[in-house]
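What follows is one structure encoded as structure tokens, with my remarks underneath.
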Amino acid sequence: MQKTFKTIDEQIQILKDKGLVIEDEDSARDTLLRENYFFISGYRHLFMQGIRSKQFKPNTNFRELYAMFNFDRQLRNIIFKNLLILENNLKSIFSYQLSKNYGFKEKDYLRPSNFNTHPDKSRQVNDLLRKIKRQIRVNGGQHSATTHYIYNYGYIPLWVVVKVLSFGIVCELYSIMKSKDQEEIADIYNLRVTDLLSFLPILANYRNLCAHEDILYDNRTAVAIETNKYHTMLELPMLDDEYTSGKNDLFALILIMKFMLTEEEFRLVIKEIDYEKSVLEGKLKVIDIEDVMSFMGFPKDYTKLIEM
């Protein structure tokens, strides 16, 4: 069935036909115009009468739907600023590790021999190094630091180059490093190499999701993190001997941050999320706040993570 353009009034009528209570239509029109019907309606799922139902639960109000939208926005802001912290940390650590071992000029640190030399990895190594050189060429001229080094020294050190590389490229860079480099970096976070290899694509996924203001609360990643001590300590729910939360949902990202942020940074993440939870709780009438948190994979006692 082909989707066609709908006016704001038609959008409001569609919502009302589905049982949504709209008390102030002028305010709803303004909200739909500024925020986009498609994105606001993306928060409807918890408010529907069933998985396949197209009808809202009785007495669901537009204000509640919009409150979920704003909760997700605030959640996204909290997550995004901390992902930027992790991105900066990883870029700094990666550039230090590679510069220390292989030199600080492009002709030195971008040699294929500096990376995994297994035949199965050669194509990925060469492809990624080409992408890095392309990003240096395209983005380098847009940053004062890179142009400064090119003009004054004729090269760009890796600790400056990482500023113009996308987070996705940097995360993939770890997957082609030699084992000893991977291990030394993982040790900084007290992680296993296999953990960091699974964490990085998830971080990159959420970083892109946040940057494009996509819906956060119901996101599920293609890759699941391995079971770790926090799954056990928090006694997360299980089914058939497998944990059903904290694996590929938003709470899995929180567990990654527990491992990779400083104690103070992580404490602020949890405190800020808990505040936004309380704000949303005061605006919900038809659904319970714990339904929202559970949907995201959060256990009731998630704040205990601060002390663990």
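Ordering of the structure tokens sets the chain letters (A, B, ...); residue numbers start at 1 within each chain; ligands are numbered from 1 in the order shown.
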Using only C-alpha atoms, which residues sit within 10 Å of Tyr174 (chain A) once same-chain residues fewer than 2 positions away are excluded, as a PDB file with C-alpha atoms, in the first residue's frame?
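So the final result, stored in result_17.pdb, reads:
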```
ATOM      1  CA  LEU A  90      39.419   5.528  22.089  1.00  0.00           C
ATOM      2  CA  PHE A  94      44.535   4.075  19.546  1.00  0.00           C
ATOM      3  CA  PHE A 115      48.416  -4.561  11.134  1.00  0.00           C
ATOM      4  CA  ILE A 169      36.430   3.781  10.909  1.00  0.00           C
ATOM      5  CA  VAL A 170      38.235   4.033  14.248  1.00  0.00           C
ATOM      6  CA  CYS A 171      36.240   1.119  15.684  1.00  0.00           C
ATOM      7  CA  GLU A 172      37.019  -1.031  12.645  1.00  0.00           C
ATOM      8  CA  ILE A 176      42.715  -5.178  12.070  1.00  0.00           C
ATOM      9  CA  MET A 177      45.380  -4.418  14.685  1.00  0.00           C
ATOM     10  CA  LYS A 178      48.013  -6.952  15.614  1.00  0.00           C
ATOM     11  CA  SER A 179      47.097  -9.093  18.607  1.00  0.00           C
ATOM     12  CA  ASP A 181      48.233  -3.987  20.129  1.00  0.00           C
ATOM     13  CA  GLN A 182      44.676  -5.207  20.722  1.00  0.00           C
ATOM     14  CA  ILE A 185      44.501  -1.485  24.502  1.00  0.00           C
ATOM     15  CA  VAL A 193      40.032  -8.429  23.366  1.00  0.00           C
ATOM     16  CA  LEU A 196      36.189  -4.895  23.103  1.00  0.00           C
ATOM     17  CA  LEU A 197      35.724  -6.344  19.617  1.00  0.00           C
ATOM     18  CA  LEU A 200      33.000  -1.257  19.487  1.00  0.00           C
TER      19      LEU A 200
END
```
Per residue of region 45-125 of chain A within 8 Å of region 208-220 of chain A, what are the shortest atom pair and its distance in Å to one decimal, counting only C-alpha atoms, with rows by chain and residue number, as JSON lines?
```
{"residue": "A:Asp72", "atom": "CA", "partner": "A:Tyr217", "partner_atom": "CA", "distance": 6.2}
{"residue": "A:Arg73", "atom": "CA", "partner": "A:Glu213", "partner_atom": "CA", "distance": 7.8}
{"residue": "A:Leu75", "atom": "CA", "partner": "A:Leu216", "partner_atom": "CA", "distance": 7.8}
{"residue": "A:Arg76", "atom": "CA", "partner": "A:Cys210", "partner_atom": "CA", "distance": 5.9}
{"residue": "A:Asn77", "atom": "CA", "partner": "A:Cys210", "partner_atom": "CA", "distance": 7.6}
{"residue": "A:Ile79", "atom": "CA", "partner": "A:Cys210", "partner_atom": "CA", "distance": 7.7}
{"residue": "A:Phe80", "atom": "CA", "partner": "A:Cys210", "partner_atom": "CA", "distance": 5.8}
```
Excluding region 227-229 of chain A and its own-chain neighbours fewer than 3 positions away, which residues fall within 10 Å of it when counting only C-alpha atoms? Please give them as a PyMOL selection string.
chain A and resi 195+224+232-235+242-243+246-247+252+255+308
Do you have, as a Markdown table, the list of residues of region 274-298 of chain A lying at most 12 Å from region 48-57 of chain A, each with its nearest atom pair and that distance in Å to one decimal, counting only C-alpha atoms and ordered by chain then number?
```
| residue | atom | partner | partner_atom | distance |
| --- | --- | --- | --- | --- |
| A:Lys285 | CA | A:Lys57 | CA | 10.8 |
| A:Val286 | CA | A:Lys57 | CA | 7.3 |
| A:Ile287 | CA | A:Lys57 | CA | 8.9 |
```
Would you output that residue set with C-alpha atoms, as a PDB file, in the first residue's frame?
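Okay, this is what ended up in result-v4.pdb:
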```
ATOM      1  CA  LYS A 285      -1.191   7.565  33.250  1.00  0.00           C
ATOM      2  CA  VAL A 286      -2.043   4.684  30.903  1.00  0.00           C
ATOM      3  CA  ILE A 287       1.212   2.744  31.097  1.00  0.00           C
TER       4      ILE A 287
END
```
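Nearest to Gln97 (chain A) of all the residues A:Ile85, A:Thr117, A:Ala186, A:Met257 is A:Ala186, based on only C-alpha atoms.
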Just the residues within 10 Å of region 2-8 of chain A, please, counting only C-alpha atoms, with nothing from its chain fewer than 6 positions along; format it as a ChimeraX atom specification.
/A:14,28-33,36-37
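Counting from CA of His143 (chain A), the distance to CA of Pro112 (chain A) is 26.0 Å.
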As a PyMOL selection string, list the residues of region 15-223 of chain A assigned to helix (DSSP H, G or I) by DSSP on the backbone atoms of this structure.
chain A and resi 15-17+25-35+37-41+45-47+62-102+106-109+112-114+119-142+144-153+158-164+167-175+179-188+193-211
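Across the structure, CA of Tyr66 (chain A) and CA of Glu272 (chain A) are spaced 19.7 Å apart.
Reported to one decimal place, the separation of CA of Ser294 (chain A) from CA of Arg267 (chain A) is 20.4 Å.
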Env of Glu290 (chain A): 9 Å cut, atoms = only C-alpha atoms, seq-sep filter 4 positions within chain, self excluded. Answer as number ranges by chain.
A: 281, 294-295, 298-300
Keeping N, CA and C atoms, export the residues of the selection given above as a PDB file, in the first residue's frame.
```pdb
ATOM      1  N   GLU A 281       7.777   9.486  34.586  1.00  0.00           N
ATOM      2  CA  GLU A 281       6.841   8.790  35.470  1.00  0.00           C
ATOM      3  C   GLU A 281       5.692   9.704  35.892  1.00  0.00           C
ATOM      4  N   SER A 294      11.598  -1.642  31.498  1.00  0.00           N
ATOM      5  CA  SER A 294      11.768  -3.060  31.190  1.00  0.00           C
ATOM      6  C   SER A 294      11.918  -3.278  29.696  1.00  0.00           C
ATOM      7  N   PHE A 295      11.168  -2.514  28.903  1.00  0.00           N
ATOM      8  CA  PHE A 295      11.252  -2.615  27.447  1.00  0.00           C
ATOM      9  C   PHE A 295      12.655  -2.281  26.962  1.00  0.00           C
ATOM     10  N   PHE A 298      16.159  -2.409  31.242  1.00  0.00           N
ATOM     11  CA  PHE A 298      16.613  -1.937  32.552  1.00  0.00           C
ATOM     12  C   PHE A 298      15.914  -2.702  33.679  1.00  0.00           C
ATOM     13  N   PRO A 299      16.667  -3.270  34.615  1.00  0.00           N
ATOM     14  CA  PRO A 299      16.037  -3.865  35.798  1.00  0.00           C
ATOM     15  C   PRO A 299      15.608  -2.764  36.764  1.00  0.00           C
ATOM     16  N   LYS A 300      14.744  -3.084  37.723  1.00  0.00           N
ATOM     17  CA  LYS A 300      14.272  -2.075  38.677  1.00  0.00           C
ATOM     18  C   LYS A 300      15.407  -1.480  39.500  1.00  0.00           C
TER      19      LYS A 300
END
```
Of the listed residues A:Glu10, A:Asp17, A:Asp108, A:Asp187, that which approaches Phe259 (chain A) most closely, counting only C-alpha atoms
A:Asp187
Nearest to Asn114 (chain A) by atom-to-atom distance, counting only C-alpha atoms, from A:Ser92, A:Ser27, A:Asn152, A:Asn101:
A:Asn101
Tell me, as a list of chain:residue names, which residues lie within 8 Å of Ile132 (chain A), counting only C-alpha atoms; anything in the same chain fewer than 4 positions away does not count.
A:Leu128, A:Ile136, A:Leu165, A:Ile169
